[in-house]
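S.K.: Provided below: work_20.txt, containing compact mmCIF, C-alpha atoms and all ligand atoms.
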```
# COMPACT_ATOMS: atom_id res chain seq x y z
CA MET A 1 112.44 136.05 101.50
CA THR A 2 111.24 135.36 97.96
CA ASP A 3 107.55 134.83 97.27
CA PRO A 4 106.37 131.23 97.03
CA THR A 5 106.45 129.95 93.44
CA ILE A 6 102.88 128.73 93.78
CA GLN A 7 100.34 130.67 95.84
CA VAL A 8 96.75 129.50 95.74
CA SER A 9 94.11 130.96 97.95
CA SER A 10 90.39 130.18 98.36
CA LEU A 11 90.36 128.21 95.11
CA ARG A 12 86.95 126.91 94.11
CA LYS A 13 86.20 124.73 91.12
CA SER A 14 82.92 123.13 90.17
CA PHE A 15 81.61 121.30 87.14
CA ALA A 16 78.14 121.44 85.63
CA HIS A 17 76.44 118.19 86.47
CA GLY A 18 72.90 117.53 85.32
CA SER A 19 70.85 120.57 86.29
CA GLY A 20 73.27 121.64 89.05
CA ARG A 21 76.97 121.83 89.75
CA THR A 22 79.34 119.55 91.60
CA ASP A 23 82.02 121.16 93.73
CA VAL A 24 85.43 119.62 93.24
CA LEU A 25 87.78 122.12 94.91
CA CYS A 26 86.35 123.99 97.88
CA SER A 27 88.32 126.95 99.15
CA LEU A 28 91.64 125.24 98.61
CA ASP A 29 94.86 126.92 99.74
CA LEU A 30 98.38 125.94 98.69
CA GLU A 31 101.83 127.47 98.86
CA VAL A 32 104.88 125.90 97.26
CA ASP A 33 108.31 127.48 97.60
CA ALA A 34 110.79 127.79 94.75
CA GLY A 35 112.78 124.60 94.42
CA GLU A 36 110.37 122.41 96.39
CA ILE A 37 109.19 119.00 95.26
CA ILE A 38 105.69 118.25 96.52
CA ALA A 39 103.46 115.24 96.01
CA ILE A 40 99.67 115.36 95.93
CA LYS A 41 97.77 112.19 96.68
CA GLY A 42 94.06 111.56 96.84
CA ARG A 43 91.48 109.03 95.78
CA SER A 44 90.33 108.83 92.19
CA GLY A 45 87.94 111.67 91.43
CA SER A 46 89.15 113.84 94.32
CA GLY A 47 90.18 116.63 91.91
CA LYS A 48 93.94 116.18 91.46
CA THR A 49 93.90 116.61 87.68
CA SER A 50 91.44 119.50 88.00
CA LEU A 51 93.86 121.27 90.34
CA LEU A 52 96.87 120.62 88.10
CA ASN A 53 94.98 121.94 85.05
CA ILE A 54 94.33 125.19 86.90
CA LEU A 55 97.95 125.54 88.08
CA GLY A 56 99.14 124.93 84.53
CA GLY A 57 96.89 127.60 83.02
CA LEU A 58 94.85 125.03 81.10
CA ASP A 59 91.62 125.76 82.91
CA ARG A 60 90.68 129.28 83.89
CA ASP A 61 87.12 128.57 84.90
CA PHE A 62 87.66 128.84 88.67
CA ARG A 63 87.21 131.21 91.58
CA GLY A 64 89.90 132.38 93.96
CA THR A 65 93.44 133.55 93.41
CA VAL A 66 96.12 131.50 91.72
CA ARG A 67 99.63 132.90 91.36
CA VAL A 68 102.33 130.80 89.71
CA ALA A 69 105.88 132.07 89.17
CA SER A 70 104.68 135.67 89.63
CA HIS A 71 101.83 135.25 87.11
CA ASP A 72 98.29 135.94 88.30
CA LEU A 73 96.33 133.26 86.49
CA ASP A 74 92.93 134.54 87.60
CA THR A 75 93.39 137.80 85.71
CA MET A 76 95.66 136.84 82.82
CA VAL A 77 94.55 137.40 79.23
CA ASP A 78 94.62 134.56 76.71
CA ARG A 79 97.83 135.46 74.92
CA ALA A 80 99.79 135.88 78.15
CA LEU A 81 98.37 132.59 79.34
CA SER A 82 99.59 130.80 76.20
CA LEU A 83 103.10 132.17 76.75
CA PHE A 84 102.92 131.16 80.40
CA ARG A 85 102.00 127.58 79.42
CA ASN A 86 104.76 127.46 76.83
CA GLU A 87 107.63 129.03 78.75
CA VAL A 88 107.02 128.83 82.47
CA ILE A 89 105.29 125.48 82.90
CA GLY A 90 106.18 121.95 81.92
CA PHE A 91 103.09 119.76 81.98
CA VAL A 92 103.08 115.97 81.94
CA PHE A 93 99.54 114.79 81.26
CA GLN A 94 98.00 111.70 82.78
CA SER A 95 97.25 110.49 79.24
CA PHE A 96 100.40 111.96 77.58
CA HIS A 97 98.63 113.98 74.82
CA LEU A 98 101.35 113.23 72.29
CA ILE A 99 100.62 113.66 68.60
CA ASP A 100 100.56 110.15 67.17
CA SER A 101 101.29 111.16 63.60
CA MET A 102 104.62 112.74 64.62
CA THR A 103 107.88 111.09 65.52
CA CYS A 104 109.17 110.98 69.06
CA SER A 105 111.63 113.86 68.40
CA GLU A 106 108.98 115.97 66.73
CA ASN A 107 106.77 115.61 69.78
CA VAL A 108 109.59 116.50 72.15
CA ALA A 109 110.56 119.52 70.00
CA LEU A 110 107.00 120.84 69.72
CA PRO A 111 107.20 123.54 72.45
CA ALA A 112 110.09 125.19 70.57
CA ALA A 113 107.79 125.82 67.61
CA TYR A 114 105.51 127.90 69.82
CA SER A 115 108.18 129.72 71.79
CA ARG A 116 108.62 133.45 71.25
CA ARG A 117 112.20 133.21 72.50
CA ARG A 118 113.56 132.36 69.08
CA GLY A 119 116.96 133.43 70.36
CA HIS A 120 117.35 130.30 72.38
CA SER A 121 116.41 128.27 69.30
CA ILE A 122 116.32 124.60 70.01
CA THR A 123 118.59 122.52 67.79
CA PRO A 124 118.29 118.82 66.95
CA ARG A 125 121.24 118.32 69.31
CA ASN A 126 119.23 119.91 72.17
CA VAL A 127 116.37 117.54 71.42
CA GLU A 128 118.75 114.58 71.35
CA LYS A 129 120.11 115.62 74.76
CA VAL A 130 116.60 115.71 76.19
CA LEU A 131 115.90 112.28 74.68
CA GLU A 132 119.07 111.01 76.38
CA ARG A 133 117.96 112.53 79.65
CA VAL A 134 114.63 110.72 79.60
CA GLY A 135 116.15 107.44 78.43
CA LEU A 136 114.99 107.56 74.79
CA SER A 137 118.40 107.80 73.10
CA GLY A 138 118.27 106.65 69.52
CA LEU A 139 114.48 106.53 69.48
CA GLY A 140 113.97 110.02 68.09
CA GLU A 141 112.82 108.78 64.69
CA GLU A 142 110.38 106.29 66.20
CA GLU A 143 106.76 106.81 65.24
CA THR A 144 104.89 107.80 68.35
CA ARG A 145 101.93 105.53 67.65
CA THR A 146 104.16 102.45 67.79
CA MET A 147 105.87 103.40 71.07
CA SER A 148 105.11 101.57 74.33
CA GLY A 149 103.22 103.29 77.14
CA GLY A 150 106.44 103.80 79.09
CA GLN A 151 108.23 105.27 76.07
CA LYS A 152 105.33 107.65 75.48
CA GLN A 153 105.48 108.69 79.10
CA ARG A 154 109.18 109.48 78.75
CA ALA A 155 108.59 111.43 75.52
CA ALA A 156 105.88 113.42 77.32
CA ILE A 157 108.35 114.25 80.09
CA GLY A 158 110.97 115.21 77.49
CA ARG A 159 108.55 117.60 75.84
CA ALA A 160 107.69 119.10 79.23
CA ILE A 161 111.33 119.85 80.13
CA LEU A 162 112.60 120.95 76.68
CA LEU A 163 112.40 124.69 77.34
CA GLY A 164 113.60 124.45 80.95
CA PRO A 165 110.38 125.36 82.75
CA ARG A 166 110.46 126.87 86.23
CA VAL A 167 107.60 124.67 87.34
CA LEU A 168 107.01 121.06 86.34
CA LEU A 169 103.48 119.73 86.85
CA CYS A 170 103.17 115.97 86.52
CA ASP A 171 99.99 113.93 86.59
CA GLU A 172 100.83 110.32 87.53
CA PRO A 173 104.26 110.55 85.85
CA THR A 174 105.27 106.98 86.58
CA GLY A 175 101.86 105.35 86.28
CA ASN A 176 102.87 103.49 83.11
CA LEU A 177 106.46 102.68 83.92
CA ASP A 178 108.11 99.53 85.25
CA VAL A 179 109.97 99.80 88.53
CA GLU A 180 113.38 100.45 86.95
CA THR A 181 112.26 103.05 84.40
CA GLY A 182 110.12 104.69 87.07
CA ALA A 183 113.17 104.98 89.31
CA GLN A 184 115.13 106.60 86.45
CA ILE A 185 112.38 109.16 85.90
CA LEU A 186 112.19 109.96 89.61
CA LYS A 187 115.96 110.43 89.60
CA LEU A 188 115.54 112.80 86.63
CA PHE A 189 113.01 114.89 88.56
CA GLN A 190 115.42 115.06 91.49
CA ASP A 191 118.27 116.10 89.16
CA LEU A 192 116.17 118.81 87.48
CA ASN A 193 115.17 120.04 90.89
CA ALA A 194 118.74 120.05 92.23
CA SER A 195 120.55 121.39 89.15
CA GLU A 196 117.99 123.83 87.76
CA GLY A 197 116.03 124.57 90.93
CA MET A 198 112.87 123.47 89.16
CA THR A 199 109.79 123.40 91.37
CA VAL A 200 108.03 120.06 90.91
CA VAL A 201 104.43 119.08 91.68
CA LEU A 202 103.76 115.37 91.39
CA VAL A 203 100.26 113.93 91.44
CA THR A 204 100.56 110.29 92.35
CA HIS A 205 99.11 107.20 93.96
CA GLU A 206 102.54 105.66 94.42
CA ASP A 207 104.58 105.72 97.61
CA ARG A 208 107.87 105.60 95.69
CA VAL A 209 106.97 108.88 93.99
CA ALA A 210 105.86 110.51 97.22
CA ARG A 211 109.18 109.51 98.78
CA ILE A 212 111.16 111.96 96.63
CA ALA A 213 108.90 114.81 97.73
CA GLY A 214 109.77 117.16 100.55
CA ARG A 215 106.06 117.32 101.41
CA VAL A 216 103.12 115.06 100.70
CA LEU A 217 99.63 116.57 100.67
CA ASN A 218 96.30 114.81 100.42
CA LEU A 219 93.39 116.14 98.41
CA GLU A 220 90.28 115.32 100.43
CA GLY A 221 86.87 116.95 100.37
CA GLY A 222 88.11 119.64 97.99
CA VAL A 223 91.00 120.84 100.17
CA LEU A 224 94.62 119.84 100.70
CA VAL A 225 95.42 118.36 104.09
N1 LIG A 301 85.27 118.17 82.19
C1 LIG A 301 84.56 117.72 83.24
N2 LIG A 301 83.21 117.85 83.25
C2 LIG A 301 82.49 117.43 84.33
N3 LIG A 301 83.03 116.86 85.41
C3 LIG A 301 84.35 116.68 85.43
C4 LIG A 301 85.19 117.11 84.36
N4 LIG A 301 86.49 116.83 84.67
C5 LIG A 301 86.45 116.25 85.89
N5 LIG A 301 85.18 116.18 86.35
C6 LIG A 301 84.76 115.63 87.66
O1 LIG A 301 85.53 116.27 88.66
C7 LIG A 301 85.93 115.33 89.66
C8 LIG A 301 87.44 115.36 89.81
O2 LIG A 301 88.04 114.86 88.62
P1 LIG A 301 89.62 114.78 88.44
O3 LIG A 301 89.88 114.26 87.08
O4 LIG A 301 90.19 116.08 88.81
O5 LIG A 301 90.01 113.69 89.55
P2 LIG A 301 91.41 112.97 89.86
O6 LIG A 301 91.67 113.15 91.31
O7 LIG A 301 92.44 113.45 88.92
O8 LIG A 301 91.08 111.43 89.58
P3 LIG A 301 92.05 110.25 89.03
O9 LIG A 301 92.91 109.83 90.19
O10 LIG A 301 91.08 109.18 88.64
O11 LIG A 301 92.81 110.77 87.86
C9 LIG A 301 85.35 113.99 89.24
O12 LIG A 301 84.15 113.80 89.94
C10 LIG A 301 85.10 114.16 87.77
O13 LIG A 301 84.01 113.39 87.36
MG MG A 302 93.53 112.55 87.43
```
So that I can check it, write out the structure of this file as structure tokens.
Ligand SMILES: Nc1ncnc2c1ncn2[C@@H]1O[C@H](COP(=O)(O)OP(=O)(O)OP(=O)(O)O)[C@@H](O)[C@H]1O
Ligand SMILES: [Mg+2]
M.R.:
Amino acid sequence: MTDPTIQVSSLRKSFAHGSGRTDVLCSLDLEVDAGEIIAIKGRSGSGKTSLLNILGGLDRDFRGTVRVASHDLDTMVDRALSLFRNEVIGFVFQSFHLIDSMTCSENVALPAAYSRRRGHSITPRNVEKVLERVGLSGLGEEETRTMSGGQKQRAAIGRAILLGPRVLLCDEPTGNLDVETGAQILKLFQDLNASEGMTVVLVTHEDRVARIAGRVLNLEGGVLV
């Protein structure tokens, strides 16, 4: 048996709020096996983005143990954490976080600039293939600021999958897409999962997204049920 790709135990997260702190995640446990697709639902403010930020190594201000793809995030030093974010994780943000002054291709190619694995150097053709995969063929030279919400979402997904991450973390990945484009993106997640064995965590409010998941968990009262 291989270890689960994601192993979270007794995770606690709180935010400073006025003179005290508000607990968001309260002794949360989670295990996700390699090659699983899971969906996480929960009302607005229940802590879904907070959890994803921790799993993606973006927030290390937490208590408990968090192990992702054999990396212990609770004890990792900054440089190792940067490499982890760059090479192990693909992260699709709820609000995209694209750089508006760059073109679509430049945004998608950005992780390659930070990768230490120069050997697998990403070529313009690689970027074009990713653009094709997310349905942005021919739009590489488009200025990001003039792209539609759905196009930005697809560019954000392209950037997340460029380096072939082992784990893809997606925060409302189809929230800005019409039904047809959303279906294409869900199909893409299923393909990446089937062909590359990518483990996928989808935060979502939508039933159609949850339907592609092998398991659906609800974040309620700071724990997953
Ligand atoms: N940087 C922060 N500082 C203080 N409180 C925060 C911060 N980020 C999130 N919170 C609080 O933590 C709680 C959980 O927020 P989070 O963004 O994780 O929820 P969510 O489930 O992703 O919601 P949504 O579905 O609206 O995206 C909320 O009460 C929010 O106000
Ligand atoms: Mg959120």
S.K.: Quick one: of A:Leu30, A:Leu11, A:Leu188, A:Ile6, who's nearest to Ile157 of chain A, counting all atoms listed in the file?
M.R.: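 Selected residue with least distance to Ile157 of chain A: A:Leu188.
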S.K.: Neighbouring residues of ligand LIG 301 (chain A) are defined here as those with any atom at most 8 Å from a ligand atom, counting all atoms listed in the file; list them as a list in words.
M.R.: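 So the residues close to ligand LIG 301 (chain A) are Ser14, Phe15, Ala16, His17, Thr22, Asp23, Val24, Gly42, Arg43, Ser44, Gly45, Ser46, Gly47, Lys48, Thr49, Ser50, Leu51, Gln94, Asp171, Thr204, His205 and Leu219 of chain A.
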S.K.: For the selection just defined, write its residues with C-alpha atoms to a file, as a PDB file, in the coordinates of the input.
M.R.:
```
ATOM      1  CA  SER A  14      82.920 123.130  90.170  1.00  0.00           C
ATOM      2  CA  PHE A  15      81.610 121.300  87.140  1.00  0.00           C
ATOM      3  CA  ALA A  16      78.140 121.440  85.630  1.00  0.00           C
ATOM      4  CA  HIS A  17      76.440 118.190  86.470  1.00  0.00           C
ATOM      5  CA  THR A  22      79.340 119.550  91.600  1.00  0.00           C
ATOM      6  CA  ASP A  23      82.020 121.160  93.730  1.00  0.00           C
ATOM      7  CA  VAL A  24      85.430 119.620  93.240  1.00  0.00           C
ATOM      8  CA  GLY A  42      94.060 111.560  96.840  1.00  0.00           C
ATOM      9  CA  ARG A  43      91.480 109.030  95.780  1.00  0.00           C
ATOM     10  CA  SER A  44      90.330 108.830  92.190  1.00  0.00           C
ATOM     11  CA  GLY A  45      87.940 111.670  91.430  1.00  0.00           C
ATOM     12  CA  SER A  46      89.150 113.840  94.320  1.00  0.00           C
ATOM     13  CA  GLY A  47      90.180 116.630  91.910  1.00  0.00           C
ATOM     14  CA  LYS A  48      93.940 116.180  91.460  1.00  0.00           C
ATOM     15  CA  THR A  49      93.900 116.610  87.680  1.00  0.00           C
ATOM     16  CA  SER A  50      91.440 119.500  88.000  1.00  0.00           C
ATOM     17  CA  LEU A  51      93.860 121.270  90.340  1.00  0.00           C
ATOM     18  CA  GLN A  94      98.000 111.700  82.780  1.00  0.00           C
ATOM     19  CA  ASP A 171      99.990 113.930  86.590  1.00  0.00           C
ATOM     20  CA  THR A 204     100.560 110.290  92.350  1.00  0.00           C
ATOM     21  CA  HIS A 205      99.110 107.200  93.960  1.00  0.00           C
ATOM     22  CA  LEU A 219      93.390 116.140  98.410  1.00  0.00           C
TER      23      LEU A 219
END
```
S.K.: Which value, in Å to one decimal, gives the distance between atom CA of Val88 of chain A and atom CA of Ala69 of chain A?
M.R.: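 According to the coordinates, atom CA of Val88 of chain A and atom CA of Ala69 of chain A are separated by 7.5 Å.
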S.K.: Any idea what the distance is between atom CA of Cys170 of chain A and atom CA of Arg116 of chain A?
M.R.: 23.8 Å
S.K.: Grab all the atoms of segment 52-66 of chain A that the file lists, wrap them in a box along x, y and z, add 4 Å per side, and give me centre plus edge lengths in Å (one decimal) as AutoDock Vina command-line options.
M.R.:
```
--center_x 93.1 --center_y 127.1 --center_z 87.5 --size_x 20.0 --size_y 20.9 --size_z 20.9
```
S.K.: Closest to Glu172 of chain A among A:Val92, A:Ala213, A:Val223, A:Ile122, using only C-alpha atoms?
M.R.: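 Of all the options, A:Val92 lies closest to Glu172 of chain A.
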S.K.: Give the answer as one residue: which of A:Ala109, A:Leu139, A:Leu58, A:Ala210 has the shortest atom-to-atom distance to Ile161 of chain A, using only C-alpha atoms?
M.R.: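 That would be A:Ala109, the residue with the smallest distance to Ile161 of chain A.
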S.K.: Quick one: residues within 10 Å of (120.1, 113.7, 84.7) (file frame), counting all atoms listed in the file, please, as a ChimeraX atom specification.
M.R.: /A:130,132-135,184-185,187-192,194-195
S.K.: Tell me, in Å to one decimal, how far atom CA of Cys26 of chain A is from atom CA of Phe62 of chain A.
M.R.: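 Separating atom CA of Cys26 of chain A from atom CA of Phe62 of chain A is a distance of 10.5 Å.
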S.K.: Neighbours of Ser10 of chain A within 7 Å (only C-alpha atoms; same-chain residues fewer than 3 positions away dropped), as an NGL selection string?
M.R.: :A and (27-29 or 64-65)
S.K.: Would you please work out which residue, of A:Leu83, A:Met102, A:Ile89, A:Ile54, is nearest to Gly164 of chain A when using only C-alpha atoms?
M.R.: A:Ile89
